[in-house]
file protein_21.tsv (TSV, C-alpha atoms)
chain	number	residue	atom	x	y	z
L	14	MET	CA	3.78	3.21	24.91
L	15	LEU	CA	2.87	5.63	22.14
L	16	ASN	CA	2.48	9.37	22.13
L	17	LEU	CA	-0.91	9.73	20.44
L	18	PHE	CA	-1.81	12.72	18.26
L	19	TRP	CA	-5.18	13.30	16.57
L	20	ALA	CA	-4.92	15.21	13.30
L	21	ASP	CA	-8.06	17.24	13.99
L	22	GLU	CA	-6.50	18.51	17.22
L	23	GLY	CA	-3.12	19.51	15.76
L	24	GLY	CA	-0.12	17.90	14.14
L	25	LEU	CA	3.13	16.33	15.24
L	26	PRO	CA	5.74	18.40	17.10
L	27	ALA	CA	8.16	20.34	14.93
L	28	ASN	CA	11.11	18.20	16.03
L	29	ASP	CA	9.45	14.91	15.08
L	30	ARG	CA	11.87	12.59	13.26
L	31	GLY	CA	9.22	11.62	10.75
L	32	LEU	CA	9.03	15.23	9.61
L	33	ALA	CA	12.78	15.76	9.72
L	34	TYR	CA	14.04	12.51	8.19
L	35	GLY	CA	11.10	10.41	7.06
L	36	ASP	CA	11.92	8.19	10.05
L	37	GLY	CA	8.70	6.23	10.28
L	38	LEU	CA	5.93	4.34	8.52
L	39	PHE	CA	2.27	4.70	7.64
L	40	GLU	CA	-0.84	2.68	6.89
L	41	THR	CA	-4.00	3.68	5.07
L	42	VAL	CA	-7.04	1.55	5.91
L	43	ARG	CA	-10.33	1.55	4.06
L	44	MET	CA	-13.11	1.83	6.63
L	45	GLN	CA	-16.82	1.18	6.44
L	46	GLY	CA	-18.44	2.46	9.57
L	47	GLN	CA	-16.35	1.12	12.43
L	48	GLN	CA	-14.84	-1.79	10.51
L	49	GLY	CA	-11.67	-1.83	8.42
L	50	VAL	CA	-10.68	-3.78	5.31
L	51	LEU	CA	-7.94	-6.30	6.18
L	52	LEU	CA	-7.38	-4.34	9.38
L	53	SER	CA	-5.48	-7.11	11.17
L	54	ARG	CA	-3.05	-7.39	8.26
L	55	HIS	CA	-2.48	-3.65	8.24
L	56	LEU	CA	-1.67	-3.69	11.94
L	57	MET	CA	0.50	-6.78	11.62
L	58	ARG	CA	2.51	-5.14	8.83
L	59	LEU	CA	2.93	-1.93	10.79
L	60	VAL	CA	4.22	-3.78	13.86
L	61	ARG	CA	6.49	-6.05	11.79
L	62	ASP	CA	8.01	-3.28	9.70
L	63	ALA	CA	8.38	-0.96	12.69
L	64	ALA	CA	10.44	-3.70	14.33
L	65	ARG	CA	12.66	-3.81	11.24
L	66	LEU	CA	13.38	-0.12	11.84
L	67	GLY	CA	13.88	-0.59	15.57
L	68	ILE	CA	10.60	1.13	16.53
L	69	GLU	CA	8.71	-0.70	19.26
L	70	VAL	CA	4.92	-0.73	19.09
L	71	SER	CA	2.32	-3.32	20.04
L	72	ARG	CA	-0.51	-4.58	17.88
L	73	GLU	CA	-2.90	-4.40	20.85
L	74	GLU	CA	-2.16	-0.71	21.41
L	75	LEU	CA	-2.65	0.04	17.70
L	76	ARG	CA	-5.93	-1.84	17.60
L	77	GLY	CA	-7.15	0.15	20.59
L	78	VAL	CA	-6.32	3.38	18.74
L	79	CYS	CA	-8.27	2.14	15.69
L	80	VAL	CA	-11.31	1.51	17.89
L	81	GLN	CA	-11.06	5.07	19.23
L	82	ALA	CA	-10.66	6.45	15.70
L	83	ALA	CA	-13.70	4.55	14.45
L	84	GLN	CA	-15.80	5.86	17.32
L	85	ARG	CA	-14.52	9.35	16.64
L	86	TRP	CA	-15.05	9.56	12.87
L	87	ALA	CA	-17.29	6.77	11.54
L	88	ASP	CA	-20.46	8.86	11.67
L	89	SER	CA	-18.80	11.69	9.72
L	90	PHE	CA	-18.66	9.71	6.47
L	91	GLU	CA	-21.69	8.18	4.76
L	92	ASN	CA	-20.04	6.05	2.07
L	93	GLY	CA	-16.87	4.82	3.67
L	94	TRP	CA	-13.70	6.60	4.74
L	95	VAL	CA	-9.94	6.17	5.01
L	96	LEU	CA	-8.09	5.89	8.30
L	97	LYS	CA	-4.41	6.85	8.20
L	98	LEU	CA	-1.91	5.85	10.86
L	99	THR	CA	1.45	7.62	10.72
L	100	LEU	CA	4.01	6.14	13.09
L	101	THR	CA	7.35	7.88	13.68
L	102	ARG	CA	10.33	7.07	15.86
L	103	GLY	CA	9.50	10.05	18.03
L	104	ALA	CA	10.62	13.61	18.64
L	105	GLY	CA	13.86	15.22	19.79
L	106	GLY	CA	17.53	14.99	19.13
L	107	ARG	CA	19.65	16.73	16.55
L	108	GLY	CA	21.23	14.85	13.67
L	109	TYR	CA	20.49	11.45	12.24
L	110	ARG	CA	21.38	9.32	15.25
L	111	PRO	CA	18.22	8.55	17.24
L	112	ASP	CA	17.94	8.38	21.00
L	113	ASP	CA	17.22	4.80	22.09
L	114	LYS	CA	14.84	6.09	24.77
L	115	MET	CA	12.52	7.90	22.37
L	116	ARG	CA	8.81	7.11	22.57
L	117	PRO	CA	7.15	6.61	19.17
L	118	ASN	CA	4.63	9.16	17.95
L	119	LEU	CA	1.40	8.09	16.26
L	120	LEU	CA	-0.57	10.60	14.21
L	121	VAL	CA	-4.12	9.47	13.43
L	122	SER	CA	-6.20	11.09	10.70
L	123	ALA	CA	-9.29	10.42	8.62
L	124	GLY	CA	-10.42	11.37	5.15
L	125	PRO	CA	-13.13	10.59	2.60
L	126	LEU	CA	-12.96	7.52	0.41
L	127	PRO	CA	-11.56	8.40	-3.05
L	128	PRO	CA	-13.74	7.84	-6.14
L	129	ALA	CA	-13.92	4.22	-7.19
L	130	PRO	CA	-12.00	3.29	-10.35
L	131	ASP	CA	-13.85	2.09	-13.42
L	132	ALA	CA	-14.70	-1.57	-12.84
L	133	GLU	CA	-14.40	-2.16	-16.59
L	134	GLY	CA	-10.73	-1.22	-16.49
L	135	VAL	CA	-8.43	1.77	-16.19
L	136	VAL	CA	-5.67	3.39	-18.22
L	137	ALA	CA	-2.03	3.12	-17.10
L	138	ASP	CA	1.30	4.15	-18.58
L	139	PHE	CA	5.02	3.87	-17.91
L	140	SER	CA	6.59	6.24	-15.42
L	141	SER	CA	9.69	8.17	-16.41
L	142	VAL	CA	10.82	7.97	-12.77
L	143	SER	CA	12.77	4.83	-11.91
L	144	LEU	CA	12.29	3.11	-8.57
L	145	SER	CA	15.25	2.23	-6.34
L	146	VAL	CA	14.67	-0.33	-3.60
L	147	ASN	CA	17.26	-0.76	-0.87
L	148	PRO	CA	17.14	-4.46	0.14
L	149	MET	CA	17.21	-3.41	3.79
L	150	PHE	CA	13.88	-1.61	3.36
L	151	ALA	CA	12.21	-3.76	0.69
L	152	GLY	CA	8.46	-3.92	1.14
L	153	ILE	CA	8.30	-1.39	3.99
L	154	LYS	CA	5.66	1.32	3.68
L	155	SER	CA	7.97	3.98	5.07
L	156	LEU	CA	7.54	7.74	5.00
L	157	ASN	CA	10.26	7.96	2.33
L	158	ARG	CA	8.13	8.21	-0.82
L	159	LEU	CA	9.79	10.92	-2.94
L	160	GLU	CA	10.12	8.67	-5.99
L	161	GLN	CA	6.40	7.95	-5.87
L	162	VAL	CA	5.64	11.64	-5.40
L	163	MET	CA	7.63	12.58	-8.50
L	164	ALA	CA	6.08	9.76	-10.52
L	165	ALA	CA	2.56	10.72	-9.42
L	166	ARG	CA	3.08	14.19	-10.91
L	167	GLN	CA	2.63	12.49	-14.29
L	168	LEU	CA	-0.94	11.49	-13.48
L	169	HIS	CA	-3.74	13.41	-15.13
L	170	ASP	CA	-7.44	13.02	-15.85
L	171	GLY	CA	-7.93	9.76	-17.68
L	172	LEU	CA	-4.66	8.23	-16.47
L	173	PHE	CA	-5.26	6.18	-13.36
L	174	GLU	CA	-1.73	4.99	-12.63
L	175	VAL	CA	1.87	5.03	-13.84
L	176	ILE	CA	4.02	1.91	-13.51
L	177	MET	CA	7.53	2.32	-12.18
L	178	SER	CA	10.52	0.23	-13.26
L	179	ASN	CA	13.84	-0.39	-11.57
L	180	ARG	CA	17.22	0.38	-13.10
L	181	ASP	CA	17.28	-3.04	-14.77
L	182	GLY	CA	14.06	-2.23	-16.61
L	183	TYR	CA	11.81	-4.63	-14.68
L	184	LEU	CA	8.30	-3.44	-13.82
L	185	ILE	CA	7.98	-3.12	-10.05
L	186	GLU	CA	4.77	-1.37	-8.97
L	187	GLY	CA	2.60	1.67	-9.47
L	188	THR	CA	2.78	4.82	-7.41
L	189	ARG	CA	0.11	3.39	-5.09
L	190	THR	CA	-0.48	-0.13	-6.37
L	191	ASN	CA	1.08	-3.57	-6.64
L	192	LEU	CA	1.02	-5.49	-9.93
L	193	LEU	CA	-0.48	-8.86	-10.78
L	194	LEU	CA	-0.28	-10.27	-14.30
L	195	LYS	CA	-2.24	-13.17	-15.71
L	196	THR	CA	-0.28	-15.16	-18.31
L	197	ARG	CA	-0.46	-18.55	-19.97
L	198	GLU	CA	1.87	-19.90	-17.29
L	199	GLY	CA	-0.32	-18.61	-14.47
L	200	TRP	CA	-0.24	-15.54	-12.27
L	201	VAL	CA	2.98	-13.52	-12.09
L	202	THR	CA	3.93	-10.75	-9.67
L	203	PRO	CA	7.25	-9.11	-8.75
L	204	PRO	CA	8.88	-10.65	-5.64
L	205	VAL	CA	8.72	-8.89	-2.29
L	206	SER	CA	12.48	-8.37	-2.37
L	207	ALA	CA	11.99	-6.02	-5.35
L	208	LEU	CA	9.08	-4.02	-3.96
L	209	ALA	CA	9.05	-0.62	-2.31
L	210	VAL	CA	5.70	-1.53	-0.70
L	211	ALA	CA	4.45	-5.07	-0.17
L	212	GLY	CA	0.70	-4.46	-0.02
L	213	VAL	CA	-1.68	-6.28	2.28
L	214	MET	CA	-4.16	-6.79	-0.57
L	215	ARG	CA	-1.38	-8.38	-2.61
L	216	GLU	CA	-0.52	-10.67	0.29
L	217	TRP	CA	-4.14	-11.69	0.85
L	218	LEU	CA	-4.88	-12.31	-2.82
L	219	LEU	CA	-1.79	-14.43	-3.47
L	220	GLU	CA	-2.79	-16.63	-0.53
L	221	ARG	CA	-6.30	-17.06	-1.95
L	222	LEU	CA	-5.04	-17.91	-5.43
L	223	ARG	CA	-2.67	-20.54	-4.07
L	224	GLU	CA	-5.45	-22.01	-1.94
L	225	ARG	CA	-7.46	-22.43	-5.15
L	226	GLY	CA	-4.59	-24.39	-6.64
L	227	GLU	CA	-3.63	-21.74	-9.17
L	228	SER	CA	-0.05	-21.19	-10.24
L	229	VAL	CA	1.47	-18.04	-8.72
L	230	LEU	CA	5.02	-17.09	-9.66
L	231	GLU	CA	6.97	-14.34	-7.92
L	232	ARG	CA	9.62	-13.27	-10.40
L	233	PRO	CA	10.84	-10.15	-12.22
L	234	LEU	CA	8.18	-8.73	-14.52
L	235	THR	CA	9.30	-7.53	-17.94
L	236	ILE	CA	7.72	-5.03	-20.28
L	237	ALA	CA	7.23	-7.87	-22.77
L	238	ASP	CA	5.28	-9.81	-20.12
L	239	ALA	CA	2.79	-6.98	-19.79
L	240	THR	CA	2.50	-6.00	-23.45
L	241	GLY	CA	3.22	-9.25	-25.30
L	242	PRO	CA	0.86	-11.95	-26.58
L	243	ASP	CA	1.14	-14.02	-23.38
L	244	CYS	CA	-0.57	-11.28	-21.35
L	245	GLN	CA	-4.10	-12.31	-20.42
L	246	GLY	CA	-4.73	-9.45	-18.04
L	247	LEU	CA	-2.90	-6.87	-15.93
L	248	PHE	CA	-4.28	-5.91	-12.52
L	249	LEU	CA	-3.53	-3.18	-9.99
L	250	LEU	CA	-3.87	-4.04	-6.30
L	251	ASN	CA	-4.54	-1.68	-3.44
L	252	SER	CA	-6.36	-2.26	-0.15
L	253	VAL	CA	-8.47	0.89	-0.55
L	254	PHE	CA	-10.04	0.08	-3.94
L	255	GLY	CA	-9.20	-3.63	-4.08
L	256	LEU	CA	-8.35	-4.95	-7.52
L	257	VAL	CA	-8.88	-3.20	-10.83
L	258	PRO	CA	-8.02	-4.41	-14.34
L	259	VAL	CA	-5.93	-2.33	-16.74
L	260	ARG	CA	-7.67	-2.05	-20.09
L	261	CYS	CA	-5.03	0.13	-21.73
L	262	PHE	CA	-1.32	0.21	-20.91
L	263	ALA	CA	1.08	2.53	-22.73
L	264	ASP	CA	-1.50	3.10	-25.48
L	265	GLN	CA	-1.91	-0.65	-25.98
L	266	ASP	CA	-5.26	-2.32	-25.37
L	267	LEU	CA	-5.08	-5.24	-22.95
L	268	PRO	CA	-7.50	-8.11	-22.39
L	269	VAL	CA	-9.75	-7.61	-19.38
L	270	ASP	CA	-10.44	-10.68	-17.24
L	271	SER	CA	-13.26	-10.23	-14.75
L	272	GLY	CA	-12.74	-13.60	-13.06
L	273	LEU	CA	-10.93	-12.20	-10.05
L	274	ALA	CA	-13.93	-10.04	-9.19
L	275	THR	CA	-15.60	-13.16	-7.79
L	276	ILE	CA	-13.00	-13.48	-5.01
L	277	VAL	CA	-11.90	-9.87	-4.47
L	278	HIS	CA	-14.12	-7.16	-3.09
L	279	PRO	CA	-12.83	-4.94	-0.28
L	280	LEU	CA	-16.12	-4.78	1.61
L	281	ASP	CA	-16.08	-8.58	1.91
L	282	LEU	CA	-12.87	-8.24	3.93
L	283	LEU	CA	-14.10	-5.99	6.73
L	284	GLU	CA	-12.98	-6.75	10.26

call {"tool": "encode", "arguments": {"input": "protein_21.tsv", "output": "structure tokens"}}
result
Amino acid sequence: MLNLFWADEGGLPANDRGLAYGDGLFETVRMQGQQGVLLSRHLMRLVRDAARLGIEVSREELRGVCVQAAQRWADSFENGWVLKLTLTRGAGGRGYRPDDKMRPNLLVSAGPLPPAPDAEGVVADFSSVSLSVNPMFAGIKSLNRLEQVMAARQLHDGLFEVIMSNRDGYLIEGTRTNLLLKTREGWVTPPVSALAVAGVMREWLLERLRERGESVLERPLTIADATGPDCQGLFLLNSVFGLVPVRCFADQDLPVDSGLATIVHPLDLLE
């Protein structure tokens, strides 16, 4: 059972472990009315990754909360909205060691849909902040996002995203996006084991590409891959805005391939 908190009625208690230690996870779901984009995958990921942290929560209970949230807020937004679920281990205790009997806290909030990116392509650059991924937490959308926060401080008008690399120099992901590169050998994306966040849009799209018989390789992504002559298109993936091509990366013009637009549009994935 969850302790449920609505953001418009107040926040989490001051002794919540998510506030104190980042001990929790979150999901942001693009909503249109009372339906959510890839909602079942968001809930599946939250349950799966919570289990990796030893936080027990059921998909059925989360889905029921989403229904309540949609009834509560859908009419407040005309052109879509974003539902955020913040799950923490719970409240209480002093020090890092959690109490096994804690009940998880779930904070539910809503906000407006951000402006859509330019469908003709966006501008991205390298981040000066490196990304460290502990294998134990690879892919988990946890509340520990300080590296992304520091990298996002580099964003400014005209720069849509900065791409973060690991200590070995491989490109990993953006501050809020996963990467997909089209090359002469097929589609290439960093493996889940290297990611800070394994996005649900990434997961869905890779499945569709493989179903179409296209080559999809999950391997380390180099700077030369993204800026060299083999690059036929670099894409940013996010379940809120879907897929957007990068037309300029690190002051270098990139080819823009619009072919993926025929199979990727968030509003086609409402549930």

call {"tool": "closest_atom_pairs", "arguments": {"input": "protein_21.tsv", "of": "range 76-181 of chain L", "to": "range 21-40 of chain L", "cutoff": "7 Å", "atoms": "all atoms listed in the file", "output": "Markdown table"}}
result
| residue | atom | partner | partner_atom | distance |
| --- | --- | --- | --- | --- |
| L:Lys97 | CA | L:Glu40 | CA | 5.6 |
| L:Leu98 | CA | L:Glu40 | CA | 5.2 |
| L:Thr99 | CA | L:Phe39 | CA | 4.3 |
| L:Leu100 | CA | L:Leu38 | CA | 5.3 |
| L:Thr101 | CA | L:Gly37 | CA | 4.0 |
| L:Arg102 | CA | L:Gly37 | CA | 5.9 |
| L:Gly103 | CA | L:Asp29 | CA | 5.7 |
| L:Ala104 | CA | L:Asp29 | CA | 4.0 |
| L:Gly105 | CA | L:Asn28 | CA | 5.5 |
| L:Leu120 | CA | L:Leu25 | CA | 6.9 |
| L:Lys154 | CA | L:Leu38 | CA | 5.7 |
| L:Ser155 | CA | L:Leu38 | CA | 4.0 |
| L:Leu156 | CA | L:Gly35 | CA | 4.9 |
| L:Asn157 | CA | L:Gly35 | CA | 5.4 |

call {"tool": "closest_residue", "arguments": {"input": "protein_21.tsv", "among": "L:Pro128, L:Gly212, L:Pro203, L:Pro268", "to": "Leu59 in chain L", "atoms": "all atoms listed in the file"}}
result
L:Gly212

call {"tool": "atom_distance", "arguments": {"input": "protein_21.tsv", "atom1": "CA of Ser53 in chain L", "atom2": "CA of Phe173 in chain L"}}
result
27.9 Å

call {"tool": "closest_residue", "arguments": {"input": "protein_21.tsv", "among": "L:Arg107, L:Lys195, L:Arg223, L:His278", "to": "Thr240 in chain L", "atoms": "all atoms listed in the file"}}
result
L:Lys195

call {"tool": "closest_residue", "arguments": {"input": "protein_21.tsv", "among": "L:Gln245, L:Ile185, L:Arg215, L:Leu172", "to": "Gly199 in chain L", "atoms": "only C-alpha atoms"}}
result
L:Gln245

call {"tool": "residues_near_point", "arguments": {"input": "protein_21.tsv", "point": "(-4.1, 6.8, 14.7)", "cutoff": "10 Å", "atoms": "only C-alpha atoms", "output": "VMD selection string"}}
result
chain L and resid 17 to 20 39 to 40 75 to 83 96 to 100 118 to 123

call {"tool": "atom_distance", "arguments": {"input": "protein_21.tsv", "atom1": "CA of Thr190 in chain L", "atom2": "CA of Leu250 in chain L"}}
result
5.2 Å

call {"tool": "closest_residue", "arguments": {"input": "protein_21.tsv", "among": "L:Leu126, L:Val136, L:Val142, L:Ala207", "to": "Asn92 in chain L", "atoms": "only C-alpha atoms"}}
result
L:Leu126

call {"tool": "atom_distance", "arguments": {"input": "protein_21.tsv", "atom1": "CA of Gly49 in chain L", "atom2": "CA of Val135 in chain L"}}
result
25.1 Å

call {"tool": "closest_residue", "arguments": {"input": "protein_21.tsv", "among": "L:Leu168, L:Leu52, L:Pro125, L:Ala137", "to": "Asp264 in chain L", "atoms": "only C-alpha atoms"}}
result
L:Ala137

call {"tool": "closest_residue", "arguments": {"input": "protein_21.tsv", "among": "L:Gly241, L:Gly226, L:Pro148, L:Pro258", "to": "Glu174 in chain L", "atoms": "only C-alpha atoms"}}
result
L:Pro258

call {"tool": "residues_around", "arguments": {"input": "protein_21.tsv", "residues": "Gly152 in chain L", "least_positions_apart": "4", "cutoff": "7 Å", "atoms": "all atoms listed in the file", "output": "count of residues only"}}
result
6
